[in-house]
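Peer 1: Provided below: run-v1.txt, containing compact mmCIF, C-alpha atoms.
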```txt
# COMPACT_ATOMS: atom_id res chain seq x y z
CA MET A 3 72.41 -14.28 -156.62
CA ALA A 4 73.92 -16.51 -153.94
CA ARG A 5 75.14 -15.15 -150.66
CA VAL A 6 76.85 -16.60 -147.64
CA VAL A 7 75.68 -15.76 -144.14
CA THR A 8 77.66 -17.00 -141.18
CA SER A 9 76.37 -17.38 -137.66
CA ASP A 10 77.70 -18.36 -134.26
CA ARG A 11 74.43 -20.20 -133.65
CA LEU A 12 73.12 -23.04 -135.76
CA PRO A 13 69.65 -24.50 -135.52
CA GLN A 14 69.29 -27.97 -134.03
CA CYS A 15 69.22 -30.97 -136.37
CA SER A 16 65.68 -31.32 -137.69
CA ARG A 17 65.97 -35.12 -137.40
CA CYS A 18 67.51 -35.77 -133.96
CA ARG A 19 67.62 -32.30 -132.36
CA GLY A 20 71.39 -32.69 -131.90
CA ASP A 21 74.10 -30.19 -132.73
CA LEU A 22 74.84 -29.49 -136.39
CA LEU A 23 78.29 -28.91 -137.88
CA THR A 24 76.79 -26.77 -140.63
CA SER A 25 73.47 -25.93 -142.23
CA ILE A 26 72.88 -24.38 -145.64
CA VAL A 27 69.86 -23.31 -147.68
CA MET A 28 70.26 -24.22 -151.32
CA PRO A 29 69.34 -21.85 -154.18
CA LYS A 30 66.84 -24.45 -155.45
CA ASN A 31 63.46 -25.43 -154.05
CA ASP A 32 62.07 -28.90 -153.45
CA GLU A 33 59.18 -30.40 -155.42
CA HIS A 34 56.72 -28.49 -153.20
CA GLY A 35 58.39 -25.13 -153.79
CA ARG A 36 60.03 -24.98 -150.34
CA PRO A 37 63.70 -24.07 -149.89
CA ILE A 38 66.02 -27.07 -149.53
CA HIS A 39 67.93 -27.05 -146.24
CA LEU A 40 71.02 -29.25 -146.07
CA GLU A 41 72.16 -30.13 -142.56
CA LEU A 42 75.39 -31.84 -141.55
CA CYS A 43 74.76 -33.74 -138.32
CA PRO A 44 77.43 -36.07 -136.86
CA ALA A 45 74.75 -38.34 -135.36
CA CYS A 46 72.50 -38.60 -138.43
CA ASP A 47 74.88 -38.30 -141.37
CA ALA A 48 78.05 -40.21 -140.44
CA GLY A 49 76.92 -43.24 -142.46
CA ARG A 50 76.44 -41.33 -145.71
CA PRO A 51 79.56 -41.41 -147.92
CA ALA A 52 80.15 -37.71 -148.65
CA ALA A 53 78.64 -36.44 -145.40
CA GLY A 54 80.68 -38.94 -143.39
CA ALA A 55 83.90 -37.87 -145.12
CA LEU A 56 83.17 -34.21 -144.32
CA ILE A 57 82.33 -35.05 -140.69
CA ARG A 58 85.67 -36.89 -140.35
CA PHE A 59 87.46 -33.93 -141.96
CA PHE A 60 86.16 -31.65 -139.22
CA ALA A 61 86.53 -34.22 -136.42
CA ASP A 62 90.23 -34.84 -137.05
CA GLY A 63 91.03 -31.10 -137.07
CA ARG A 64 91.75 -30.66 -140.77
CA GLY A 65 88.94 -28.08 -140.95
CA ARG A 66 91.13 -25.72 -138.90
CA ASP A 67 94.21 -26.13 -141.12
CA PRO A 68 94.46 -23.47 -143.88
CA ASP A 69 96.63 -25.87 -145.89
CA GLN A 70 93.62 -28.20 -146.10
CA ALA A 71 91.23 -25.58 -147.55
CA LYS A 72 91.22 -27.10 -151.04
CA GLU A 73 90.39 -30.55 -149.67
CA GLY A 74 87.69 -29.02 -147.46
CA ALA A 75 86.12 -27.26 -150.44
CA ARG A 76 86.11 -30.52 -152.40
CA LEU A 77 84.43 -32.36 -149.51
CA VAL A 78 81.80 -29.62 -149.11
CA MET A 79 81.03 -29.85 -152.83
CA GLU A 80 80.64 -33.65 -152.62
CA TRP A 81 78.39 -33.30 -149.56
CA THR A 82 76.29 -30.71 -151.40
CA LYS A 83 75.94 -33.01 -154.42
CA GLU A 84 74.92 -35.90 -152.15
CA GLY A 85 72.34 -33.79 -150.34
CA MET A 86 70.86 -32.32 -153.50
CA ALA A 87 70.65 -35.77 -155.12
CA ALA A 88 68.33 -36.78 -152.28
CA HIS A 89 65.98 -34.06 -153.59
CA GLY A 90 66.25 -35.15 -157.22
CA TRP A 91 68.86 -32.58 -158.29
CA PHE A 92 72.06 -33.81 -159.92
CA TRP A 93 75.29 -32.00 -160.77
CA GLU A 94 76.11 -31.90 -164.45
CA GLU A 95 79.73 -31.02 -165.26
CA GLU A 96 78.89 -29.77 -168.75
CA PRO A 97 75.36 -29.07 -169.86
CA THR A 98 74.11 -31.32 -172.61
CA VAL A 99 73.32 -29.28 -175.71
CA PRO A 100 70.98 -30.89 -178.26
CA ASP A 101 72.31 -31.15 -181.81
```
Would you mind giving the structure from this file in structure tokens?
Peer 2:
Amino acid sequence: MARVVTSDRLPQCSRCRGDLLTSIVMPKNDEHGRPIHLELCPACDAGRPAAGALIRFFADGRGRDPDQAKEGARLVMEWTKEGMAAHGWFWEEEPTVPD
């Protein structure tokens, strides 16, 4: 069961100790059995394709526009895929079923 918890306070970036835009704990663990934490940090992640696109989305104010919610959801999904791929997890649109 997945749940969403919001907070007015985010932890600091684990890489640079700067301010995060968002932080999520994924429902999968890493290869050592620890929860995977995805962080979106403007200083550390701007150069990554999906993370950078999401950072720009928030920076230019589209994250506050209800008419942009669908685009925001798409960008969050792409950022999640990018972050999970770094841990060896890949999104599969339709599961492969053996014959």
Peer 1: Go through A:Ala75, A:Met28, A:Leu22, A:Leu56 and flag the residue nearest Glu41 of chain A, using all atoms listed in the file for the distances.
Peer 2: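 Of all the options, A:Leu22 lies closest to Glu41 of chain A.
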Peer 1: Find the spatial neighbours of Ala45 of chain A, counting only C-alpha atoms, within a cut-off of 8 Å - ignore same-chain residues fewer than 3 positions away - and output them as a list in words.
Peer 2: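 Answer for this query is Cys18, Gly20 and Ala48 of chain A.
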Peer 1: Could you save those same residues with C-alpha atoms as a CSV table (one decimal), in the frame of the given file?
Peer 2:
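Below is the file result21.csv, written as the result:
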```
chain,number,residue,atom,x,y,z
A,18,CYS,CA,67.5,-35.8,-134.0
A,20,GLY,CA,71.4,-32.7,-131.9
A,48,ALA,CA,78.0,-40.2,-140.4
```
Peer 1: Which residue gives the smallest distance to Ala53 of chain A among A:Asp69, A:Glu94, A:Glu80, A:Asp21, with only C-alpha atoms counted?
Peer 2: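 Looking at the shortest contact to Ala53 of chain A, the residue is A:Glu80.
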Peer 1: Could you pull the residues within 7 Å of Ser25 of chain A, counting only C-alpha atoms, minus those fewer than 6 positions along the same chain, as a list of chain:residue names?
Peer 2: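 Close residues of Ser25 of chain A: A:His39, A:Leu40, A:Glu41, A:Leu42.
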Peer 1: What are the nearest atom pairs, with distances in Å to one decimal, for all residues of segment 25-79 of chain A that come at most 12 Å from segment 89-93 of chain A, using all atoms listed in the file, set out by chain and rising residue number as a tab-separated table?
Peer 2:
```
residue	atom	partner	partner_atom	distance
A:Met28	CA	A:His89	CA	11.0
A:Pro29	CA	A:Trp91	CA	11.5
A:Lys30	CA	A:Trp91	CA	8.8
A:Asn31	CA	A:His89	CA	9.0
A:Asp32	CA	A:His89	CA	6.5
A:Glu33	CA	A:His89	CA	7.9
A:His34	CA	A:His89	CA	10.8
A:Gly35	CA	A:His89	CA	11.7
A:Arg36	CA	A:His89	CA	11.3
A:Pro37	CA	A:His89	CA	10.9
A:Ile38	CA	A:His89	CA	8.1
A:His39	CA	A:His89	CA	10.3
A:Leu40	CA	A:His89	CA	10.3
A:Met79	CA	A:Trp93	CA	10.0
```
Peer 1: Could you please determine the separation between atom CA of Gly54 of chain A and atom CA of Arg66 of chain A in Å, to one decimal place?
Peer 2: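 Interatomic distance, atom CA of Gly54 of chain A to atom CA of Arg66 of chain A: 17.4 Å.
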Peer 1: So what do you get for atom CA of Ser9 of chain A versus atom CA of Thr24 of chain A, distance-wise?
Peer 2: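 One can read the atom CA of Ser9 of chain A to atom CA of Thr24 of chain A distance as 9.9 Å.
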Peer 1: For a test of reading the model, state the distance in Å between atom CA of Asp47 of chain A and atom CA of Glu73 of chain A, rounded to one decimal.
Peer 2: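 It comes out at 19.2 Å.
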Peer 1: So, with all atoms listed in the file as the atoms that count, which of A:Arg64, A:Cys46, A:Phe59, A:Gln14 lies closest to Leu77 of chain A?
Peer 2: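 The closest residue to Leu77 of chain A is A:Phe59.
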Peer 1: Name all residues at most 9 Å from Leu23 of chain A (count only C-alpha atoms; drop same-chain ones fewer than 6 positions away) and give them as a VMD selection string.
Peer 2: chain A and resid 12 41 to 44 57 60
Peer 1: If I wrap all listed atoms of segment 81-87 of chain A in a box with edges along x, y and z and add 5 Å on each side, what are its centre and edge lengths in Å to one decimal, as JSON?
Peer 2:
```
{"center_x": 74.5, "center_y": -33.3, "center_z": -152.3, "size_x": 17.7, "size_y": 15.2, "size_z": 15.6}
```
Peer 1: For a quick check of understanding, using all atoms listed in the file, which of A:Gly63, A:Pro13, A:Gly74, A:Pro51 has the smallest distance to Ile26 of chain A?
Peer 2: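 Looking at the shortest contact to Ile26 of chain A, the residue is A:Pro13.
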